[in-house]
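Engineer: One file: my_file.tsv (TSV, C-alpha atoms and all ligand atoms).
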chain	number	residue	atom	x	y	z
A	1	MET	CA	-9.91	-61.92	7.27
A	2	ALA	CA	-8.13	-65.18	7.93
A	3	SER	CA	-9.75	-67.75	10.23
A	4	SER	CA	-8.94	-67.90	13.92
A	5	ARG	CA	-11.02	-68.27	17.08
A	6	PHE	CA	-10.43	-64.57	17.85
A	7	LEU	CA	-11.39	-63.36	14.35
A	8	ASP	CA	-14.46	-65.63	14.33
A	9	GLU	CA	-15.59	-64.08	17.61
A	10	LEU	CA	-14.93	-60.59	16.26
A	11	ARG	CA	-17.27	-61.29	13.34
A	12	ARG	CA	-20.02	-61.99	15.87
A	13	ARG	CA	-19.62	-59.10	18.33
A	14	THR	CA	-17.67	-56.06	19.46
A	15	LEU	CA	-14.68	-57.06	21.59
A	16	VAL	CA	-13.16	-55.23	24.53
A	17	CYS	CA	-9.41	-54.97	24.96
A	18	ASP	CA	-7.72	-54.10	28.27
A	19	GLY	CA	-6.09	-50.86	29.48
A	20	ALA	CA	-2.74	-49.54	30.67
A	21	MET	CA	-0.14	-51.93	32.11
A	22	GLY	CA	2.84	-49.67	32.97
A	23	THR	CA	1.01	-47.56	35.55
A	24	GLN	CA	-0.37	-50.71	37.17
A	25	LEU	CA	3.17	-52.11	37.52
A	26	ILE	CA	4.39	-48.83	39.01
A	27	ALA	CA	1.49	-48.90	41.48
A	28	ARG	CA	2.79	-52.33	42.57
A	29	GLY	CA	6.33	-51.07	43.07
A	30	LEU	CA	8.09	-51.15	39.69
A	31	ALA	CA	10.99	-48.71	40.07
A	32	SER	CA	12.04	-46.22	37.42
A	33	GLY	CA	14.62	-47.89	35.17
A	34	GLU	CA	13.62	-51.39	36.31
A	35	CYS	CA	12.74	-53.97	33.64
A	36	GLY	CA	8.97	-54.52	33.84
A	37	VAL	CA	9.15	-57.47	31.45
A	38	LEU	CA	11.24	-59.39	34.00
A	39	TRP	CA	8.21	-59.24	36.32
A	40	ASN	CA	6.59	-61.89	34.13
A	41	VAL	CA	8.88	-64.40	35.85
A	42	GLU	CA	10.11	-62.66	39.03
A	43	ARG	CA	6.87	-60.99	40.16
A	44	ARG	CA	4.41	-63.19	38.34
A	45	GLU	CA	1.69	-62.93	41.02
A	46	ASP	CA	1.64	-59.14	40.60
A	47	VAL	CA	1.37	-59.32	36.81
A	48	LEU	CA	-1.26	-62.05	37.10
A	49	ALA	CA	-3.29	-59.87	39.48
A	50	ILE	CA	-3.30	-57.02	36.93
A	51	HIS	CA	-4.41	-59.34	34.12
A	52	ARG	CA	-7.12	-60.78	36.40
A	53	ALA	CA	-8.36	-57.29	37.27
A	54	TYR	CA	-8.81	-56.48	33.57
A	55	ARG	CA	-10.42	-59.88	33.00
A	56	ALA	CA	-12.83	-59.22	35.89
A	57	ALA	CA	-13.57	-55.81	34.35
A	58	GLY	CA	-15.01	-57.63	31.33
A	59	CYS	CA	-12.09	-57.40	28.90
A	60	ASP	CA	-12.10	-60.10	26.19
A	61	LEU	CA	-8.55	-59.46	25.01
A	62	ILE	CA	-5.79	-59.41	27.61
A	63	THR	CA	-2.44	-57.96	26.54
A	64	THR	CA	0.89	-59.48	27.54
A	65	ASN	CA	3.28	-57.41	29.65
A	66	THR	CA	5.84	-57.26	26.84
A	67	PHE	CA	5.72	-53.71	25.48
A	68	GLY	CA	9.47	-53.49	26.24
A	69	GLY	CA	10.01	-57.16	25.43
A	70	SER	CA	11.87	-56.89	22.15
A	71	PRO	CA	15.46	-58.21	22.27
A	72	SER	CA	16.66	-54.65	21.58
A	73	ALA	CA	14.73	-53.22	24.55
A	74	LEU	CA	15.77	-56.11	26.81
A	75	ALA	CA	19.42	-55.53	25.84
A	76	ARG	CA	19.36	-52.32	27.90
A	77	HIS	CA	18.90	-54.55	30.97
A	78	GLY	CA	21.37	-57.21	29.82
A	79	LEU	CA	18.45	-59.58	29.13
A	80	GLU	CA	18.58	-59.85	25.33
A	81	GLU	CA	19.39	-63.57	25.46
A	82	ARG	CA	16.21	-64.23	27.46
A	83	ALA	CA	13.84	-62.63	24.93
A	84	VAL	CA	12.11	-65.85	23.84
A	85	GLU	CA	11.81	-67.16	27.40
A	86	LEU	CA	10.40	-63.91	28.85
A	87	ASN	CA	7.89	-63.37	26.04
A	88	MET	CA	6.73	-66.98	26.31
A	89	ALA	CA	6.32	-66.64	30.08
A	90	ALA	CA	4.33	-63.42	29.59
A	91	ALA	CA	1.88	-65.08	27.19
A	92	ARG	CA	1.45	-68.07	29.50
A	93	LEU	CA	0.61	-65.71	32.38
A	94	VAL	CA	-2.15	-64.08	30.34
A	95	ALA	CA	-3.46	-67.50	29.35
A	96	GLU	CA	-3.64	-68.37	33.04
A	97	ALA	CA	-5.63	-65.20	33.77
A	98	ALA	CA	-7.79	-65.30	30.67
A	99	GLY	CA	-9.06	-68.84	31.14
A	100	THR	CA	-11.08	-70.42	28.36
A	101	TRP	CA	-13.08	-67.29	27.61
A	102	GLY	CA	-10.51	-64.56	26.93
A	103	PHE	CA	-7.87	-64.15	24.25
A	104	VAL	CA	-4.12	-63.69	24.72
A	105	LEU	CA	-2.86	-60.64	22.84
A	106	GLY	CA	0.89	-60.88	22.35
A	107	ASP	CA	2.14	-57.32	22.68
A	108	VAL	CA	4.90	-55.94	20.43
A	109	GLY	CA	6.01	-52.31	20.85
A	110	PRO	CA	8.47	-50.29	18.76
A	111	PHE	CA	11.94	-51.87	18.71
A	112	GLY	CA	13.45	-48.61	19.91
A	113	ASP	CA	15.40	-47.14	16.99
A	114	PHE	CA	14.55	-45.71	13.59
A	115	LEU	CA	15.00	-47.78	10.46
A	116	GLU	CA	17.68	-46.78	7.97
A	117	PRO	CA	18.30	-44.23	6.55
A	118	ILE	CA	17.08	-42.11	9.51
A	119	GLY	CA	18.36	-44.60	12.08
A	120	ASP	CA	21.03	-47.27	12.17
A	121	THR	CA	18.88	-50.39	11.97
A	122	SER	CA	18.37	-52.23	8.68
A	123	VAL	CA	15.06	-53.83	7.77
A	124	GLU	CA	16.72	-57.25	8.10
A	125	GLN	CA	17.99	-56.46	11.60
A	126	ALA	CA	14.55	-55.18	12.63
A	127	ARG	CA	12.93	-58.31	11.20
A	128	ASP	CA	15.24	-60.50	13.29
A	129	ILE	CA	14.42	-58.48	16.44
A	130	PHE	CA	10.67	-58.79	15.89
A	131	ARG	CA	10.91	-62.48	15.02
A	132	ARG	CA	12.62	-63.36	18.29
A	133	GLN	CA	9.97	-61.57	20.35
A	134	ILE	CA	7.05	-62.96	18.33
A	135	LYS	CA	8.48	-66.49	18.58
A	136	GLY	CA	8.19	-66.35	22.38
A	137	LEU	CA	4.72	-64.79	22.29
A	138	LEU	CA	3.43	-67.51	19.95
A	139	LEU	CA	5.10	-70.34	21.92
A	140	GLY	CA	3.26	-69.00	24.99
A	141	GLY	CA	-0.11	-69.28	23.25
A	142	SER	CA	-0.95	-65.84	21.84
A	143	ALA	CA	-4.26	-65.80	19.93
A	144	ALA	CA	-3.14	-62.66	18.11
A	145	ILE	CA	-0.04	-60.48	17.84
A	146	LEU	CA	-0.65	-56.79	18.65
A	147	VAL	CA	1.86	-54.43	17.01
A	148	GLU	CA	1.19	-51.15	18.83
A	149	THR	CA	2.16	-47.51	19.49
A	150	MET	CA	3.80	-47.36	16.09
A	151	SER	CA	4.91	-44.16	14.31
A	152	ASP	CA	6.50	-45.52	11.15
A	153	PRO	CA	4.51	-47.58	8.60
A	154	ALA	CA	7.80	-49.12	7.42
A	155	GLU	CA	8.34	-50.55	10.92
A	156	VAL	CA	4.74	-51.80	10.97
A	157	GLU	CA	5.32	-53.55	7.64
A	158	VAL	CA	8.34	-55.37	9.09
A	159	ALA	CA	6.60	-56.39	12.34
A	160	VAL	CA	3.29	-57.43	10.76
A	161	SER	CA	4.91	-59.43	7.97
A	162	ALA	CA	7.22	-61.11	10.52
A	163	ALA	CA	4.16	-62.13	12.59
A	164	ARG	CA	2.44	-63.47	9.47
A	165	GLU	CA	5.51	-65.44	8.36
A	166	MET	CA	5.76	-67.00	11.81
A	167	GLY	CA	2.19	-68.26	11.65
A	168	ALA	CA	0.43	-65.85	14.03
A	169	PRO	CA	-3.28	-66.82	14.11
A	170	ALA	CA	-4.19	-63.11	13.74
A	171	VAL	CA	-2.34	-59.79	13.59
A	172	ILE	CA	-3.48	-56.38	14.86
A	173	ALA	CA	-1.59	-53.15	14.11
A	174	THR	CA	-2.13	-49.79	15.83
A	175	TYR	CA	-0.46	-46.42	15.43
A	176	ALA	CA	-0.08	-43.49	17.81
A	177	PHE	CA	-1.46	-40.41	16.06
A	178	GLN	CA	-1.32	-36.74	16.92
A	179	LYS	CA	-3.45	-33.87	15.70
A	180	SER	CA	-1.50	-31.63	13.35
A	181	ALA	CA	-1.92	-27.88	12.80
A	182	ASP	CA	-4.37	-28.49	9.94
A	183	GLU	CA	-6.57	-30.63	12.27
A	184	SER	CA	-5.70	-33.86	10.44
A	185	PHE	CA	-4.25	-36.83	12.35
A	186	ARG	CA	-0.71	-37.88	11.57
A	187	THR	CA	1.95	-40.19	13.01
A	188	MET	CA	5.09	-38.66	14.47
A	189	MET	CA	6.73	-39.53	11.12
A	190	GLY	CA	4.10	-37.47	9.31
A	191	ASN	CA	1.99	-40.24	7.75
A	192	ASP	CA	-1.75	-39.62	7.45
A	193	VAL	CA	-4.35	-42.15	8.58
A	194	THR	CA	-5.05	-43.53	5.10
A	195	ASP	CA	-1.39	-44.13	4.26
A	196	ALA	CA	-0.61	-45.64	7.66
A	197	LEU	CA	-3.56	-48.06	7.67
A	198	ARG	CA	-3.28	-49.11	4.04
A	199	ARG	CA	0.33	-50.13	4.55
A	200	ALA	CA	-0.54	-52.15	7.68
A	201	ILE	CA	-3.35	-53.92	5.81
A	202	ALA	CA	-1.16	-54.60	2.78
A	203	ALA	CA	1.46	-56.16	5.09
A	204	GLY	CA	-1.16	-58.58	6.41
A	205	ALA	CA	-2.88	-56.99	9.44
A	206	ASP	CA	-6.37	-58.40	10.15
A	207	VAL	CA	-7.40	-55.51	12.43
A	208	VAL	CA	-6.01	-51.96	12.27
A	209	GLY	CA	-6.38	-48.75	14.20
A	210	ALA	CA	-4.87	-46.52	16.85
A	211	ASN	CA	-3.76	-46.51	20.45
A	212	CYS	CA	-2.30	-43.85	22.73
A	213	GLY	CA	-1.57	-40.57	20.93
A	214	THR	CA	-0.25	-37.16	21.85
A	215	SER	CA	-2.47	-34.60	23.62
A	216	MET	CA	-5.72	-35.99	22.22
A	217	THR	CA	-9.05	-35.11	23.83
A	218	LEU	CA	-11.90	-37.61	23.87
A	219	GLU	CA	-13.55	-35.59	21.06
A	220	ASP	CA	-10.32	-35.92	19.07
A	221	TYR	CA	-10.46	-39.70	19.50
A	222	LEU	CA	-14.00	-39.73	18.14
A	223	ALA	CA	-12.92	-37.75	15.07
A	224	LEU	CA	-9.94	-40.11	14.68
A	225	ALA	CA	-12.28	-43.13	14.92
A	226	ARG	CA	-14.26	-41.86	11.94
A	227	ASP	CA	-11.07	-41.37	9.91
A	228	LEU	CA	-9.85	-44.86	10.85
A	229	VAL	CA	-13.10	-46.55	9.79
A	230	THR	CA	-13.11	-44.70	6.47
A	231	ALA	CA	-9.46	-45.59	5.80
A	232	ALA	CA	-9.80	-49.25	6.86
A	233	GLY	CA	-12.70	-50.06	4.52
A	234	GLU	CA	-13.83	-53.63	5.20
A	235	VAL	CA	-11.06	-54.28	7.73
A	236	PRO	CA	-12.18	-54.10	11.40
A	237	VAL	CA	-10.94	-51.10	13.40
A	238	ILE	CA	-9.51	-51.07	16.94
A	239	LEU	CA	-9.21	-47.94	19.10
A	240	GLN	CA	-7.47	-47.73	22.47
A	241	PRO	CA	-7.62	-44.10	23.60
A	242	ASN	CA	-5.82	-42.53	26.53
A	243	ALA	CA	-7.98	-41.27	29.40
A	244	GLY	CA	-8.17	-37.87	27.69
A	245	SER	CA	-5.41	-35.36	27.11
A	246	PRO	CA	-2.87	-35.35	29.94
A	247	ARG	CA	-1.73	-32.42	32.04
A	248	ILE	CA	1.53	-32.11	33.93
A	249	GLU	CA	1.22	-31.71	37.68
A	250	GLY	CA	4.64	-31.26	39.26
A	251	GLU	CA	6.58	-34.27	37.98
A	252	GLN	CA	3.50	-36.33	37.24
A	253	THR	CA	1.46	-36.79	34.09
A	254	VAL	CA	-2.21	-36.81	35.04
A	255	TYR	CA	-5.09	-38.13	32.92
A	256	ASP	CA	-8.43	-36.69	33.96
A	257	ALA	CA	-11.06	-38.64	32.00
A	258	THR	CA	-13.13	-40.67	34.46
A	259	PRO	CA	-14.52	-44.16	33.87
A	260	GLY	CA	-17.87	-42.43	33.25
A	261	ASP	CA	-16.34	-40.09	30.65
A	262	MET	CA	-14.80	-43.04	28.81
A	263	ALA	CA	-18.03	-45.06	29.01
A	264	ALA	CA	-19.96	-42.13	27.51
A	265	LEU	CA	-17.58	-42.17	24.54
A	266	VAL	CA	-18.20	-45.87	23.83
A	267	PRO	CA	-21.62	-45.68	22.08
A	268	ARG	CA	-20.27	-42.90	19.88
A	269	LEU	CA	-17.21	-44.99	18.92
A	270	LEU	CA	-19.46	-47.96	18.14
A	271	GLU	CA	-21.69	-45.76	16.01
A	272	ALA	CA	-18.57	-44.61	14.14
A	273	GLY	CA	-17.88	-48.28	13.36
A	274	VAL	CA	-15.12	-49.23	15.82
A	275	ARG	CA	-15.11	-53.02	16.46
A	276	VAL	CA	-12.50	-53.44	19.21
A	277	ILE	CA	-12.39	-50.95	22.08
A	278	GLY	CA	-9.79	-50.70	24.83
A	279	GLY	CA	-7.72	-48.12	26.70
A	280	CYS	CA	-4.18	-46.79	26.80
A	281	CYS	CA	-2.37	-44.31	29.09
A	282	GLY	CA	-4.33	-43.29	32.18
A	283	THR	CA	-6.89	-46.08	31.92
A	284	THR	CA	-7.40	-48.56	34.76
A	285	PRO	CA	-9.54	-51.66	35.38
A	286	ALA	CA	-12.25	-49.23	36.62
A	287	HIS	CA	-12.25	-47.42	33.25
A	288	LEU	CA	-12.43	-50.72	31.35
A	289	LYS	CA	-15.22	-52.02	33.59
A	290	ALA	CA	-17.34	-48.97	32.72
A	291	MET	CA	-16.41	-49.22	29.04
A	292	SER	CA	-17.18	-52.94	28.75
A	293	ALA	CA	-20.55	-52.34	30.44
A	294	ALA	CA	-21.24	-49.66	27.83
A	295	VAL	CA	-20.34	-52.09	25.04
A	296	ALA	CA	-22.64	-54.73	26.55
A	297	ALA	CA	-25.46	-52.17	26.89
A	298	ALA	CA	-25.15	-51.22	23.23
A	299	ALA	CA	-25.27	-54.83	21.99
B	1	ZN	ZN	-0.58	-44.82	25.80
As structure tokens, what does this structure read like?

Structural biologist:
Amino acid sequence: MASSRFLDELRRRTLVCDGAMGTQLIARGLASGECGVLWNVERREDVLAIHRAYRAAGCDLITTNTFGGSPSALARHGLEERAVELNMAAARLVAEAAGTWGFVLGDVGPFGDFLEPIGDTSVEQARDIFRRQIKGLLLGGSAAILVETMSDPAEVEVAVSAAREMGAPAVIATYAFQKSADESFRTMMGNDVTDALRRAIAAGADVVGANCGTSMTLEDYLALARDLVTAAGEVPVILQPNAGSPRIEGEQTVYDATPGDMAALVPRLLEAGVRVIGGCCGTTPAHLKAMSAAVAAAA
């Protein structure tokens, strides 16, 4: 591991990341098709309130509201030219909420296309897209860059190496896995856990793991945690599970795992060797409050 305030703290103790952002924005009125990243400047009090709720829940790492903040994603809203400004504003908002204790995690999601030859985007084009987003996140004070919900190790290699080249103090990379017919966990592109993590580590990630996932139960996440720790070797592992496997109710996707269910999973994840714990789809400040209490109780 390289040296940074965040990585130094991680050597000392288990850290807690925050939970879902999109559902919290929707609860505050984000309309379907609206650009949530723009809220970092136009509805900053709402975004700040969400960050503060996760901070109050005991989260050490607060994630910027920039999952759709790549220039390519912003282009759909005619905002590509504002990529640096919006990502910088997002990181500054987290810094305001996190205070001196928490860490700003600069969030980078998939850029939205496949790399050549499956898609139309070259590695060089993808690198330029990631660099513009990461530039803003670092200017705003990110303590680490989080490359998340990834399916393609080649895309992870581009994003992680871009973050490293731009001087990110630390880089975290997480994939979305699904359980395949043979019970093993694979990315949507078919990569197994070992292949996916090794490539992220080789590209320069300091912390590796998984977030989100498709139709994974809490027991599946525990099995995945064990695979991640084995594959990562000496590199610390992060896991941000969904609140269980979702079900469709009418037009809504519902996640049933309660804060208590998620908290009960925490000691088992710690025993498996996970070092950073957070939440993804379906998790709320209430889930993270219960989970961070479980982490504190295990310390
Ligand atoms: Zn998710």

Engineer: Applying 10 Å and only C-alpha atoms, which residues near region 165-168 of chain A remain after dropping the ones on its own chain fewer than 2 positions away? List them as a list in words.

Structural biologist: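 The residues satisfying every condition are Ser4, Gly106, Arg131, Ile134, Lys135, Leu137, Leu138, Gly141, Ser142, Ala143, Ala144, Ile145, Ala159, Val160, Ser161, Ala162, Ala163, Ala170, Val171 and Gly204 of chain A.
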
Engineer: Once you count all atoms listed in the file, what closest atom pair and distance in Å to one decimal does each residue of chain A within 10 Å of ligand ZN 1 (chain B) have, with rows by chain and rising residue number, as a Markdown table?

Structural biologist:
| residue | atom | partner | partner_atom | distance |
| --- | --- | --- | --- | --- |
| A:Gly19 | CA | B:ZN1 | ZN | 9.0 |
| A:Ala20 | CA | B:ZN1 | ZN | 7.1 |
| A:Met21 | CA | B:ZN1 | ZN | 9.5 |
| A:Gly22 | CA | B:ZN1 | ZN | 9.3 |
| A:Glu148 | CA | B:ZN1 | ZN | 9.6 |
| A:Thr149 | CA | B:ZN1 | ZN | 7.4 |
| A:Ala176 | CA | B:ZN1 | ZN | 8.1 |
| A:Asn211 | CA | B:ZN1 | ZN | 6.4 |
| A:Cys212 | CA | B:ZN1 | ZN | 3.7 |
| A:Gly213 | CA | B:ZN1 | ZN | 6.5 |
| A:Thr214 | CA | B:ZN1 | ZN | 8.6 |
| A:Gln240 | CA | B:ZN1 | ZN | 8.2 |
| A:Pro241 | CA | B:ZN1 | ZN | 7.4 |
| A:Asn242 | CA | B:ZN1 | ZN | 5.8 |
| A:Ala243 | CA | B:ZN1 | ZN | 9.0 |
| A:Gly279 | CA | B:ZN1 | ZN | 7.9 |
| A:Cys280 | CA | B:ZN1 | ZN | 4.2 |
| A:Cys281 | CA | B:ZN1 | ZN | 3.8 |
| A:Gly282 | CA | B:ZN1 | ZN | 7.6 |
| A:Thr283 | CA | B:ZN1 | ZN | 8.9 |

Engineer: Would you compute the distance between CA of Val229 (chain A) and CA of Ala202 (chain A)? Give it in Å to one decimal.

Structural biologist: 16.0 Å

Engineer: Mind giving me the straight-line distance from CA of Thr187 (chain A) to CA of Ala210 (chain A) in Å, one decimal?

Structural biologist: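 Going from CA of Thr187 (chain A) over to CA of Ala210 (chain A), I get 10.1 Å.
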
Engineer: Using only C-alpha atoms, find all polymer residues with an atom at most 12 Å away from the point (-14.3, -62.8, 19.8); report them as a list in words.

Structural biologist: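 The answer, in the requested form, is Ser3, Ser4, Arg5, Phe6, Leu7, Asp8, Glu9, Leu10, Arg11, Arg12, Arg13, Thr14, Leu15, Val16, Cys17, Cys59, Asp60, Leu61, Thr100, Trp101, Gly102, Phe103, Val104, Ala143, Ala144, Ala170, Arg275 and Val276 of chain A.
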
Engineer: Could you give me, as a VMD selection string, the residues within 9 Å of region 231-236 of chain A, counting only C-alpha atoms and dropping anything in the same chain fewer than 3 positions from it?

Structural biologist: chain A and resid 1 10 193 to 195 197 to 198 201 205 to 209 226 to 228 273 to 276

Engineer: Using all atoms listed in the file, pick whichever of A:Asp107, A:Glu155, A:Glu81, A:Glu271 has the shortest atom-to-atom distance to Gln125 (chain A).

Structural biologist: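 Counting all atoms listed in the file, the residue closest to Gln125 (chain A) is A:Glu155.
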
Engineer: Check the smallest atom-to-atom distance from each of A:Gly260, A:Pro169, A:Pro285, A:Gly68 to Phe111 (chain A) using all atoms listed in the file, then report the winner.

Structural biologist: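 Using all atoms listed in the file, Phe111 (chain A) sits closest to A:Gly68.
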
Engineer: Could you give me the centre and size, in Å to one decimal, of an axis-aligned box around all listed atoms of region 262-267 of chain A with 4 Å added on every side, as JSON?

Structural biologist:
{"center_x": -18.2, "center_y": -44.0, "center_z": 25.5, "size_x": 14.8, "size_y": 11.7, "size_z": 14.9}

Engineer: Grab the CA of Val147 (chain A) to CA of Gly190 (chain A) distance for me, in Å with one decimal place.

Structural biologist: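 Rounded to one decimal, the two atoms are 18.8 Å apart.
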
Engineer: Using only C-alpha atoms, which of A:Phe130, A:Trp39, A:Phe177, A:Phe114 sits nearest Ala154 (chain A)?

Structural biologist: A:Phe114

Engineer: So, counting all atoms listed in the file, which residue among A:Ile172, A:Ala98, A:Ile248, A:Leu86 is closest to Gly136 (chain A)?

Structural biologist: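 Closest to Gly136 (chain A), using all atoms listed in the file: A:Leu86.
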
Engineer: Between A:Asp256, A:Met262, A:Arg268, A:Pro117, which is the closest to Ala293 (chain A) once you count only C-alpha atoms?

Structural biologist: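 With only C-alpha atoms as the atom set, the closest residue is A:Met262.
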
Engineer: Hey, which of A:Ile62, A:Met216, A:Val123, A:Leu139 ends up closest to Ala95 (chain A)? Count only C-alpha atoms.

Structural biologist: A:Ile62

Engineer: Which residues are near Ser215 (chain A)? Cut-off 9 Å, all atoms listed in the file, ignore same chain within fewer than 5 positions. Put them as a PyMOL selection string.

Structural biologist: chain A and resi 178-179+244-247
